[in-house]
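Data block below; observations after.
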Amino acid sequence: MKNIEQTFPTGINILQKYAPDVPSSMALESLTAAFQNAYLRVANVIGETFLDAAIDSADLQQYAQGALANYTVYEQSPFIFKGRDKNYRYQEIEMKDKYISNAWSFINALIGAFDRQDSQEWKTGECYASRQNLVFSNQNDFDNYYAIDKSAYFFSKIVFLIREESLKFIPKRITITDLSTKTGLREALKYLIAYRVIARAVMQFEVSELPKSLRHDINHEYTKYANAGDYKQRLFDYLNDKTNDYLDNVEIEFQKAHKTFAEGDINNPNSESKKYYFMR
């Protein structure tokens with residue numbers, strides 16, 4: 001694990017390159033705790049070995065340093081900006097959101113750069129391998145069903161939820177290959193799984209670890225109501241209710257995709273005129 005001095009070897013100046021709001025008078029060592037939290041956020045997704053390699057790489061260093069700098073400032077922001085005039089209080093959410101958005105941009109760029117490399121080590125690593133063979137081919141595909149800013153970072157974080165929800169709603173008799181030939185069923189399943197994944201993510205993740213649209217929605221409600229702390233629960237309930245509609249669609253499409261006989265088929269043994277039905 002790299003420490004803050006190894007990541008920003010020239011001190012506060014290089015950190016300011018990515019997070020210019022940090023005061024020049026601040027000692028780099030005072031950000032150590034915030035940096036460690038930031039480091040773990042990124043390392044838990046892409047892996048400590050790859051993060052350390054990126055910090056040392058001339059090609060990837062800017063992405064790693066940018067992500068860590070912005071997450072560090074986010075973690076430390078209540079202390080960095082303590083004592084500013086009272087009007088700053090109303091800008092705090094916007095400022096913190098800027099750091100999160102910047103951090104996500106750098107992490108997405110870092111993951112994208114690793115994905116483009118012909119590295120067997122990366123392609124057998126958890127971050128890359130876990131995103132393969134899902135009902136969603138990548139973050140762009142997921143974004144077609146629920147907007148996640150096409151973030152490879154967030155997509156990597158929700159892989160385990162996608163797998164769990166896929167196991168619930170893709171029966172053993174349906175394979176991913178089969179879904180490619182059953183367009184209606186595939187689309188209904190992907191909408192259902194996407195909404196269930198986001199509903200669970202809303203409750204399980206910190207607000208800063210959610211896509212920008214959800215962060216803005218939740219933060220807006222926090223500022224409107226004194227008791228808006230339960231808004232995440234209300235949002236979860238809304239998303240969960242929406243999945244009921246998609247579940248109905250899945251049932252309909254499943255019946256259509258696996259219907260053996262058409263009503264007008266002469267070989268249909270279950271026609272109304274025969275007054276009886278075969279069970280298969």
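Residues in the structure tokens are numbered from 1 in each chain, the chains being A, B, ... in the order shown, and ligands are numbered from 1 in the order shown.
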
With only C-alpha atoms as the counted atoms, please give the residues lying no more than 8 Å from segment 195-199 of chain A, apart from itself and same-chain residues fewer than 2 positions off, as a list of chain:residue names.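 My list of contacting residues is A:Tyr145, A:Tyr146, A:Ile158, A:Leu161, A:Ile162, A:Glu165, A:Tyr191, A:Leu192, A:Ile193, A:Ala201, A:Val202, A:Met203, A:Leu235, A:Phe236, A:Asp237, A:Leu239, A:Asn240, A:Lys242, A:Thr243.
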
List the neighbours of segment 124-140 of chain A out to 10 Å using only C-alpha atoms; skip same-chain residues closer than 6 positions along the sequence, and give me the result as an NGL selection string. :A and (44-47 or 50 or 111 or 114-115 or 146-160 or 162-163 or 166 or 170 or 175-177 or 179-180 or 186 or 189-190 or 193-194)

Considering only C-alpha atoms, state which residue in the set A:Tyr71, A:Tyr63, A:Phe8, A:Tyr246 is at the smallest distance from Arg41 of chain A. A:Tyr71

Could you give me the residues within segment 46-154 of chain A that DSSP places in alpha helix (DSSP H), as a ChimeraX atom specification? /A:46,48-56,61-80,92-116,120-123,126-129,139-143,152-154

Atoms kept (C-alpha atoms) for selection, written as a short mmCIF file (atom, residue, chain, number, x, y, z; two decimals), in the first residue's frame:
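Printed below is selection.cif as written:
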```cif
data_model
loop_
_atom_site.label_atom_id
_atom_site.label_comp_id
_atom_site.auth_asym_id
_atom_site.auth_seq_id
_atom_site.Cartn_x
_atom_site.Cartn_y
_atom_site.Cartn_z
CA ILE A 46 -9.38 -2.18 -8.85
CA GLU A 48 -4.16 -2.68 -4.35
CA THR A 49 -1.52 -4.11 -6.71
CA PHE A 50 -2.96 -2.31 -9.73
CA LEU A 51 -3.47 0.98 -7.86
CA ASP A 52 0.15 0.98 -6.66
CA ALA A 53 1.31 0.16 -10.20
CA ALA A 54 -0.76 3.05 -11.58
CA ILE A 55 0.77 5.47 -9.07
CA ASP A 56 4.24 4.46 -10.33
CA GLN A 61 -0.19 8.17 -12.70
CA GLN A 62 -2.39 11.18 -13.44
CA TYR A 63 -5.56 9.06 -13.21
CA ALA A 64 -4.53 7.46 -9.91
CA GLN A 65 -3.33 10.72 -8.37
CA GLY A 66 -6.42 12.59 -9.57
CA ALA A 67 -8.79 10.03 -8.07
CA LEU A 68 -6.94 9.89 -4.76
CA ALA A 69 -6.56 13.66 -4.49
CA ASN A 70 -10.25 14.35 -5.03
CA TYR A 71 -11.39 11.59 -2.70
CA THR A 72 -8.92 12.82 -0.07
CA VAL A 73 -10.29 16.36 -0.25
CA TYR A 74 -13.83 14.98 -0.08
CA GLU A 75 -12.99 13.03 3.08
CA GLN A 76 -11.25 16.02 4.67
CA SER A 77 -13.55 18.78 3.40
CA PRO A 78 -15.30 19.53 6.75
CA PHE A 79 -11.88 20.39 8.21
CA ILE A 80 -10.21 21.95 5.17
CA GLU A 92 -20.85 22.63 0.80
CA ILE A 93 -22.98 20.04 -1.00
CA GLU A 94 -22.01 21.44 -4.41
CA MET A 95 -18.32 21.51 -3.48
CA LYS A 96 -18.33 17.96 -2.15
CA ASP A 97 -20.21 16.76 -5.21
CA LYS A 98 -17.53 18.32 -7.38
CA TYR A 99 -14.85 16.26 -5.64
CA ILE A 100 -16.87 13.06 -6.02
CA SER A 101 -17.58 13.75 -9.69
CA ASN A 102 -13.90 14.46 -10.34
CA ALA A 103 -12.81 11.34 -8.45
CA TRP A 104 -15.23 9.18 -10.46
CA SER A 105 -13.95 10.66 -13.72
CA PHE A 106 -10.36 9.81 -12.86
CA ILE A 107 -11.24 6.29 -11.66
CA ASN A 108 -13.31 5.61 -14.77
CA ALA A 109 -10.39 6.78 -16.89
CA LEU A 110 -8.02 4.56 -14.92
CA ILE A 111 -10.18 1.45 -15.34
CA GLY A 112 -10.66 2.25 -19.02
CA ALA A 113 -6.90 2.56 -19.50
CA PHE A 114 -6.29 -0.80 -17.82
CA ASP A 115 -9.04 -2.40 -19.93
CA ARG A 116 -7.36 -1.21 -23.12
CA GLN A 120 -3.06 -10.86 -18.89
CA GLU A 121 -2.56 -10.00 -15.25
CA TRP A 122 -5.29 -7.33 -15.40
CA LYS A 123 -7.65 -9.50 -17.46
CA GLU A 126 -11.00 -9.45 -10.12
CA CYS A 127 -11.93 -6.00 -11.42
CA TYR A 128 -11.85 -7.09 -15.07
CA ALA A 129 -12.88 -10.74 -14.76
CA GLN A 139 -21.46 -0.22 -17.99
CA ASN A 140 -22.76 1.29 -21.22
CA ASP A 141 -25.21 -1.58 -21.61
CA PHE A 142 -26.44 -1.19 -18.01
CA ASP A 143 -26.86 2.54 -18.60
CA ALA A 152 -17.00 1.56 -15.12
CA TYR A 153 -16.22 2.32 -11.47
CA PHE A 154 -19.84 2.03 -10.32
#
```

Just give me the gap between atom CA of Gln6 of chain A and atom CA of Leu31 of chain A in Å, one decimal is fine. 13.3 Å

Correct to one decimal, the distance atom CA of Glu164 of chain A-atom CA of Tyr39 of chain A is 27.2 Å

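Checking A:Phe35, A:Ser208, A:Asn249, A:Lys2 one by one against Leu15 of chain A, counting only C-alpha atoms, you find the shortest gap at A:Phe35.
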
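Atom CA of Lys212 of chain A sits 27.4 Å away from atom CA of Asp59 of chain A.
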